[in-house]
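Below: one structure, written as structure tokens.
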Amino acid sequence: MAQKGWLGADLIFDIDADHISTPCDKLHDVWVCSGCCFAGRGKAPERCPQCGGERFETNVWACEVCLETAKIEVLKLLDILLEDFGFSEDEVHVFFSGHRGYHVQVESDVVRGLDSVARKEIVDYVLGLGLDAKFHGLGSLDIYDASRLISGPSLADSGWRGRIARGVYEILLDVSQKRLEELGLSRRIAKVIVENKNRILESWDRGGPWGVIRGVGLESWRKLIECGVIFQSAKVDTVVTTDIHRLIRLEGTLHGKTGFKKTMVELSRIEEFDPFKEGIAFKKGTVKVFVTESPKVRVGDESFGPFCNQEVELPMAAAMLLLCKGVARVADEDV
Ligand SMILES: [Zn+2]
Ligand SMILES: [Zn+2]
């Protein structure tokens with residue numbers, strides 16, 4: 001072992017619905033406590049509410065919402081890799097993982113030798129961790145009155161400066177009094193922002209200052225920026241990127257939980273890529289299965305289920321999905 005040498009590793013990002021909160025997990029995910037068999041829907045709790053156990057069997061599914069949510073994170077990540085890091089489109093490859101997300105792989109000599117500390121720095125950048133707004137253009141031009149003449153980054157700025165501005169802009173576009181108060185702003189300041197929203201946005205569109213209105217200080221803008229950063233950051237799995245000894249599945253290999261294959265997504269048509277269609281590996285034939293319990297699933301252009309303790313004849317890919325999920329068994333004697 002001592003004579004083995006580490007040659008290098010591609011820079012890998014894993015974006016998985018497991019790490020992003022999606023509104024749909026309550027609809028399709030189930031967990032069962034390994035200790036007492038207490039069960040529930042959605043993400044498993046830290047501790048079982050019945051016996052306090054910490055181990056759970058889970059069965060998670062991917063739906064359109066999960067994979068669309070993951071795709072939005074991929075698009076944000078691509079923007080960062082291409083615009084901020086300056087990788088070329090030939091060096092960055094996107095794949096549907098075959099289950100609940102996407103792999104983004106950077107293959108370039110400049111990344112191959114990076115150690116895990118360097119990769120953690122890249123992850124922090126992508127996640128927008130540790131950004132201090134004052135180093136990105138937020139400041140007061142008037143030392144006597146901090147609520148006046150506040151400067152901030154512009155929408156067209158490059159790097160995180162522009163992202164901060166665009167993130168806050170996005171919040172303001174769809175702002176409400178209640179939302180701002182939830183973010184920790186006082187009722188008075190929230191009211192000022194809601195009433196003057198259009199003035200602020202118009203000023204920013206012209207590249208003007210942040211503080212065109214009185215009464216909103218640096219601290220309030222900082223809170224808005226924190227939220228804007230969350231909007232703009234790409235939710236990657238930190239561990240996958242920083243671990244330089246991991247193997248990643250190759251394109252065309254099957255995912256054991258679905259029977260779908262890892263599939264290359266061309267950057268030019270990422271928005272229209274349909275994982276439930278283009279990830280199908282088993283394209284021919286049908287098979288009869290007995291399904292214990294399954295949510296509605298789409299495979300190709302058709303949807304199947306929900307099923308509960310019934311025998312159905314399904315196209316091979318749909319049957320394979322339910323078999324891989326462990327919710328069905330083959331009922332057809334001949335197969
Ligand atoms: Zn329990
Ligand atoms: Zn979902």
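Ordering of the structure tokens sets the chain letters (A, B, ...), residue numbers begin anew at 1 in every chain, and ligands are numbered from 1 in the order given.
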Original post:
Once you count only C-alpha atoms and all ligand atoms, which residues end up within 12 Å of ligand 1, and could you hand them over as a list in words?
Top reply: Trp31, Val32, Cys33, Ser34, Gly35, Cys36, Cys37, Phe38, Ala39, Gly40, Ala44, Pro45, Glu46, Arg47, Cys48, Pro49, Gln50, Cys51, Gly52, Gly53, Glu54, Arg55, Phe56 and Glu57 of chain A
Subject >> Which of stretch 35-196 of chain A fall in helix (DSSP H, G or I), as a ChimeraX atom specification >> reply: /A:64-84,109-112,116-127,133-136,159-173,177-182,187-195
Subject >> Surrounding residues of stretch 306-319 of chain A excluding itself and chain neighbours under 4 positions, 7 Å, only C-alpha atoms, as a ChimeraX atom specification >> reply: /A:280-296,299,323
Interface rows for chain A against ligand 2: nearest pair, Å to one decimal, 9 Å, only C-alpha atoms and all ligand atoms, as a tab-separated table:
```
residue	atom	partner	partner_atom_place_in_ligand_line	distance
A:Ala17	CA	ligand 2	1 (Zn)	7.8
A:Thr22	CA	ligand 2	1 (Zn)	6.5
A:Pro23	CA	ligand 2	1 (Zn)	7.2
A:Cys24	CA	ligand 2	1 (Zn)	4.4
A:Asp25	CA	ligand 2	1 (Zn)	5.4
A:Lys26	CA	ligand 2	1 (Zn)	8.4
A:Leu27	CA	ligand 2	1 (Zn)	7.4
A:His28	CA	ligand 2	1 (Zn)	6.7
A:Asp29	CA	ligand 2	1 (Zn)	8.2
A:Val60	CA	ligand 2	1 (Zn)	8.8
A:Trp61	CA	ligand 2	1 (Zn)	6.7
A:Ala62	CA	ligand 2	1 (Zn)	5.0
A:Cys63	CA	ligand 2	1 (Zn)	4.0
A:Glu64	CA	ligand 2	1 (Zn)	6.1
A:Val65	CA	ligand 2	1 (Zn)	4.8
A:Cys66	CA	ligand 2	1 (Zn)	3.9
A:Leu67	CA	ligand 2	1 (Zn)	7.2
A:Glu68	CA	ligand 2	1 (Zn)	8.9
A:Thr69	CA	ligand 2	1 (Zn)	8.7
A:Arg100	CA	ligand 2	1 (Zn)	8.6
```
Take the selection from the previous step and output its residues with C-alpha atoms, as a PDB file, in the first residue's frame.
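The resulting result38.pdb:
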```
ATOM      1  CA  ALA A  17     -32.423  16.316  -3.878  1.00  0.00           C
ATOM      2  CA  THR A  22     -38.035  20.180  -1.584  1.00  0.00           C
ATOM      3  CA  PRO A  23     -41.732  20.645  -0.930  1.00  0.00           C
ATOM      4  CA  CYS A  24     -42.488  17.170  -2.288  1.00  0.00           C
ATOM      5  CA  ASP A  25     -40.616  14.883   0.127  1.00  0.00           C
ATOM      6  CA  LYS A  26     -43.752  14.522   2.268  1.00  0.00           C
ATOM      7  CA  LEU A  27     -45.579  13.214  -0.762  1.00  0.00           C
ATOM      8  CA  HIS A  28     -43.195  10.458  -1.752  1.00  0.00           C
ATOM      9  CA  ASP A  29     -40.593   9.695   0.943  1.00  0.00           C
ATOM     10  CA  VAL A  60     -36.827   8.074  -1.018  1.00  0.00           C
ATOM     11  CA  TRP A  61     -38.180   8.714  -4.492  1.00  0.00           C
ATOM     12  CA  ALA A  62     -37.409  11.271  -7.130  1.00  0.00           C
ATOM     13  CA  CYS A  63     -40.211  13.233  -8.715  1.00  0.00           C
ATOM     14  CA  GLU A  64     -40.314  16.012 -11.276  1.00  0.00           C
ATOM     15  CA  VAL A  65     -40.129  18.638  -8.532  1.00  0.00           C
ATOM     16  CA  CYS A  66     -37.040  17.056  -6.938  1.00  0.00           C
ATOM     17  CA  LEU A  67     -35.148  16.871 -10.217  1.00  0.00           C
ATOM     18  CA  GLU A  68     -36.206  20.332 -11.385  1.00  0.00           C
ATOM     19  CA  THR A  69     -35.036  21.742  -8.044  1.00  0.00           C
ATOM     20  CA  ARG A 100     -32.295  12.087  -7.427  1.00  0.00           C
TER      21      ARG A 100
END
```
**OP:** Any chance you could list, as a count of residues only, the residues in stretch 114-197 of chain A that come up strand (DSSP E) when DSSP is run on the backbone?
**Re:** 4
Subject >> Shortest interatomic distance to A:Gly137 - which of A:Pro209, A:Lys178, A:Leu77, A:Glu83, counting only C-alpha atoms >> reply: A:Pro209
